[in-house]
Amino acid sequence: MNDSTPQPDAASPHPPVSVETFGLLYDRYAVPVYRYVYSRVGNAADAEDLTAQTFLSALEALPRYRERGAFAAWLFRIARSKLMDYFRRDRNHIPLEQVDMDPKADDPLACSIASDEVSTLKALVAALGIEERELLRLRYVADLSFSEMAALLHKREDAVKKSLYRLLARLNSQMEAKNA
């Protein structure tokens, strides 16, 4: 599916969005938005509520959407706004490094090693700045493309790519140093 809403026809600058069209957009983006929101709030009920609020706001604002970038960036901007409102009301939130990432394996030794690596990675992620953690969330939790991330963050795509790859290289070298 294309990453933008249907083109408006010449007769109407703001054609109504059909339920079917919005349903397709919901099907495409509900899981990534939910995963992103959940990674920030840490509980399913609040994540579901915020995801629903995001899509309700998007549906209400869709006639004003101007295709100035990726639809996903616009939608995640709404999700981030909903999260900011949530955190203003409720200061209890879960940092990325505390999201449950327990390994699921049958081998106890592999579980122990993986658990140690996850603990090390959590500590390294906890030490990152807000912007760096957001890069990780958008790419690996929300599964956004570099172009979608760039549009959302108001940066050039190559700058977002370079920032993320440098961050990953730094985390990798820190992991290797801690495991040496």
# chains A, B, ... in the order shown; residues from 1 in each chain; ligands from 1
call {"tool": "residues_around", "arguments": {"residues": "A:Met175", "least_positions_apart": "2", "cutoff": "12 Å", "atoms": "only C-alpha atoms", "output": "ChimeraX atom specification"}}
result
/A:116-125,168-173,177-180
call {"tool": "write_last_selection", "arguments": {"atoms": "N, CA and C atoms", "output": "PDB file, in the first residue's frame"}}
result
ATOM      1  N   ASP A 116      21.907 -11.880  30.564  1.00  0.00           N
ATOM      2  CA  ASP A 116      23.029 -10.991  30.881  1.00  0.00           C
ATOM      3  C   ASP A 116      23.220  -9.949  29.792  1.00  0.00           C
ATOM      4  N   GLU A 117      23.123 -10.376  28.527  1.00  0.00           N
ATOM      5  CA  GLU A 117      23.277  -9.440  27.411  1.00  0.00           C
ATOM      6  C   GLU A 117      22.152  -8.409  27.400  1.00  0.00           C
ATOM      7  N   VAL A 118      20.932  -8.870  27.684  1.00  0.00           N
ATOM      8  CA  VAL A 118      19.793  -7.944  27.735  1.00  0.00           C
ATOM      9  C   VAL A 118      19.985  -6.951  28.869  1.00  0.00           C
ATOM     10  N   SER A 119      20.462  -7.421  30.017  1.00  0.00           N
ATOM     11  CA  SER A 119      20.709  -6.516  31.149  1.00  0.00           C
ATOM     12  C   SER A 119      21.757  -5.472  30.784  1.00  0.00           C
ATOM     13  N   THR A 120      22.805  -5.905  30.126  1.00  0.00           N
ATOM     14  CA  THR A 120      23.852  -4.974  29.698  1.00  0.00           C
ATOM     15  C   THR A 120      23.288  -3.960  28.707  1.00  0.00           C
ATOM     16  N   LEU A 121      22.528  -4.452  27.741  1.00  0.00           N
ATOM     17  CA  LEU A 121      21.942  -3.555  26.746  1.00  0.00           C
ATOM     18  C   LEU A 121      20.960  -2.573  27.393  1.00  0.00           C
ATOM     19  N   LYS A 122      20.162  -3.061  28.336  1.00  0.00           N
ATOM     20  CA  LYS A 122      19.232  -2.166  29.049  1.00  0.00           C
ATOM     21  C   LYS A 122      19.986  -1.045  29.755  1.00  0.00           C
ATOM     22  N   ALA A 123      21.086  -1.397  30.384  1.00  0.00           N
ATOM     23  CA  ALA A 123      21.877  -0.385  31.082  1.00  0.00           C
ATOM     24  C   ALA A 123      22.447   0.635  30.098  1.00  0.00           C
ATOM     25  N   LEU A 124      22.930   0.152  28.957  1.00  0.00           N
ATOM     26  CA  LEU A 124      23.465   1.062  27.946  1.00  0.00           C
ATOM     27  C   LEU A 124      22.379   1.970  27.379  1.00  0.00           C
ATOM     28  N   VAL A 125      21.211   1.408  27.121  1.00  0.00           N
ATOM     29  CA  VAL A 125      20.090   2.203  26.589  1.00  0.00           C
ATOM     30  C   VAL A 125      19.643   3.224  27.624  1.00  0.00           C
ATOM     31  N   LEU A 168      24.078   2.741  16.820  1.00  0.00           N
ATOM     32  CA  LEU A 168      24.172   1.278  16.867  1.00  0.00           C
ATOM     33  C   LEU A 168      25.624   0.813  16.961  1.00  0.00           C
ATOM     34  N   ALA A 169      26.506   1.470  16.231  1.00  0.00           N
ATOM     35  CA  ALA A 169      27.922   1.111  16.284  1.00  0.00           C
ATOM     36  C   ALA A 169      28.485   1.379  17.684  1.00  0.00           C
ATOM     37  N   ARG A 170      28.085   2.493  18.269  1.00  0.00           N
ATOM     38  CA  ARG A 170      28.551   2.822  19.617  1.00  0.00           C
ATOM     39  C   ARG A 170      28.030   1.807  20.637  1.00  0.00           C
ATOM     40  N   LEU A 171      26.733   1.452  20.527  1.00  0.00           N
ATOM     41  CA  LEU A 171      26.171   0.444  21.429  1.00  0.00           C
ATOM     42  C   LEU A 171      26.862  -0.903  21.247  1.00  0.00           C
ATOM     43  N   ASN A 172      27.127  -1.266  20.007  1.00  0.00           N
ATOM     44  CA  ASN A 172      27.807  -2.531  19.719  1.00  0.00           C
ATOM     45  C   ASN A 172      29.201  -2.560  20.341  1.00  0.00           C
ATOM     46  N   SER A 173      29.954  -1.483  20.178  1.00  0.00           N
ATOM     47  CA  SER A 173      31.302  -1.458  20.747  1.00  0.00           C
ATOM     48  C   SER A 173      31.247  -1.462  22.274  1.00  0.00           C
ATOM     49  N   ALA A 177      32.853  -4.323  24.658  1.00  0.00           N
ATOM     50  CA  ALA A 177      33.778  -3.952  25.734  1.00  0.00           C
ATOM     51  C   ALA A 177      33.315  -4.532  27.072  1.00  0.00           C
ATOM     52  N   LYS A 178      32.023  -4.519  27.323  1.00  0.00           N
ATOM     53  CA  LYS A 178      31.503  -5.047  28.583  1.00  0.00           C
ATOM     54  C   LYS A 178      31.581  -6.577  28.620  1.00  0.00           C
ATOM     55  N   ASN A 179      31.508  -7.214  27.454  1.00  0.00           N
ATOM     56  CA  ASN A 179      31.550  -8.680  27.391  1.00  0.00           C
ATOM     57  C   ASN A 179      32.960  -9.218  27.238  1.00  0.00           C
ATOM     58  N   ALA A 180      33.956  -8.338  27.139  1.00  0.00           N
ATOM     59  CA  ALA A 180      35.347  -8.790  26.940  1.00  0.00           C
ATOM     60  C   ALA A 180      35.959  -9.268  28.230  1.00  0.00           C
TER      61      ALA A 180
END
call {"tool": "closest_residue", "arguments": {"among": "A:Ala45, A:Ala127, A:Val33, A:Thr21", "to": "A:Lys82", "atoms": "only C-alpha atoms"}}
result
A:Val33
call {"tool": "residues_around", "arguments": {"residues": "A:Leu164", "least_positions_apart": "2", "cutoff": "8 Å", "atoms": "only C-alpha atoms", "output": "PDB file with N, CA and C atoms, in the first residue's frame"}}
result
ATOM      1  N   GLU A 132      18.259   9.872  21.382  1.00  0.00           N
ATOM      2  CA  GLU A 132      18.804   8.596  20.923  1.00  0.00           C
ATOM      3  C   GLU A 132      17.830   7.452  21.211  1.00  0.00           C
ATOM      4  N   LEU A 135      15.120   7.547  18.623  1.00  0.00           N
ATOM      5  CA  LEU A 135      15.543   6.945  17.357  1.00  0.00           C
ATOM      6  C   LEU A 135      15.338   5.431  17.392  1.00  0.00           C
ATOM      7  N   LEU A 136      15.752   4.807  18.481  1.00  0.00           N
ATOM      8  CA  LEU A 136      15.598   3.356  18.613  1.00  0.00           C
ATOM      9  C   LEU A 136      14.126   2.951  18.620  1.00  0.00           C
ATOM     10  N   VAL A 160      19.278  11.151   9.663  1.00  0.00           N
ATOM     11  CA  VAL A 160      18.649  10.178  10.563  1.00  0.00           C
ATOM     12  C   VAL A 160      19.365   8.837  10.461  1.00  0.00           C
ATOM     13  N   LYS A 161      19.633   8.409   9.228  1.00  0.00           N
ATOM     14  CA  LYS A 161      20.352   7.141   9.008  1.00  0.00           C
ATOM     15  C   LYS A 161      21.710   7.160   9.687  1.00  0.00           C
ATOM     16  N   LYS A 162      22.453   8.229   9.439  1.00  0.00           N
ATOM     17  CA  LYS A 162      23.799   8.344   9.997  1.00  0.00           C
ATOM     18  C   LYS A 162      23.747   8.346  11.524  1.00  0.00           C
ATOM     19  N   ARG A 166      25.437   5.335  13.684  1.00  0.00           N
ATOM     20  CA  ARG A 166      26.494   5.682  14.644  1.00  0.00           C
ATOM     21  C   ARG A 166      26.103   5.237  16.048  1.00  0.00           C
ATOM     22  N   LEU A 167      24.842   5.430  16.397  1.00  0.00           N
ATOM     23  CA  LEU A 167      24.347   4.994  17.698  1.00  0.00           C
ATOM     24  C   LEU A 167      24.474   3.479  17.846  1.00  0.00           C
ATOM     25  N   LEU A 168      24.078   2.741  16.820  1.00  0.00           N
ATOM     26  CA  LEU A 168      24.172   1.278  16.867  1.00  0.00           C
ATOM     27  C   LEU A 168      25.624   0.813  16.961  1.00  0.00           C
TER      28      LEU A 168
END
call {"tool": "atom_distance", "arguments": {"atom1": "atom CA of A:Arg89", "atom2": "atom CA of A:Ala151"}}
result
27.5 Å
call {"tool": "closest_residue", "arguments": {"among": "A:Leu153, A:Ile78, A:Ala159, A:Ala142", "to": "A:Arg40", "atoms": "only C-alpha atoms"}}
result
A:Ala142
call {"tool": "residues_around", "arguments": {"residues": "A:Glu48", "least_positions_apart": "5", "cutoff": "9 Å", "atoms": "only C-alpha atoms", "output": "ChimeraX atom specification"}}
result
/A:34,37-38,43,53
call {"tool": "write_last_selection", "arguments": {"atoms": "C-alpha atoms", "output": "short mmCIF file (atom, residue, chain, number, x, y, z; two decimals), in the first residue's frame"}}
result
data_model
loop_
_atom_site.label_atom_id
_atom_site.label_comp_id
_atom_site.auth_asym_id
_atom_site.auth_seq_id
_atom_site.Cartn_x
_atom_site.Cartn_y
_atom_site.Cartn_z
CA TYR A 34 0.47 0.44 19.50
CA VAL A 37 2.96 3.76 22.50
CA TYR A 38 3.36 0.62 24.62
CA ASN A 43 0.98 -1.14 30.08
CA GLN A 53 -7.14 8.25 20.71
#
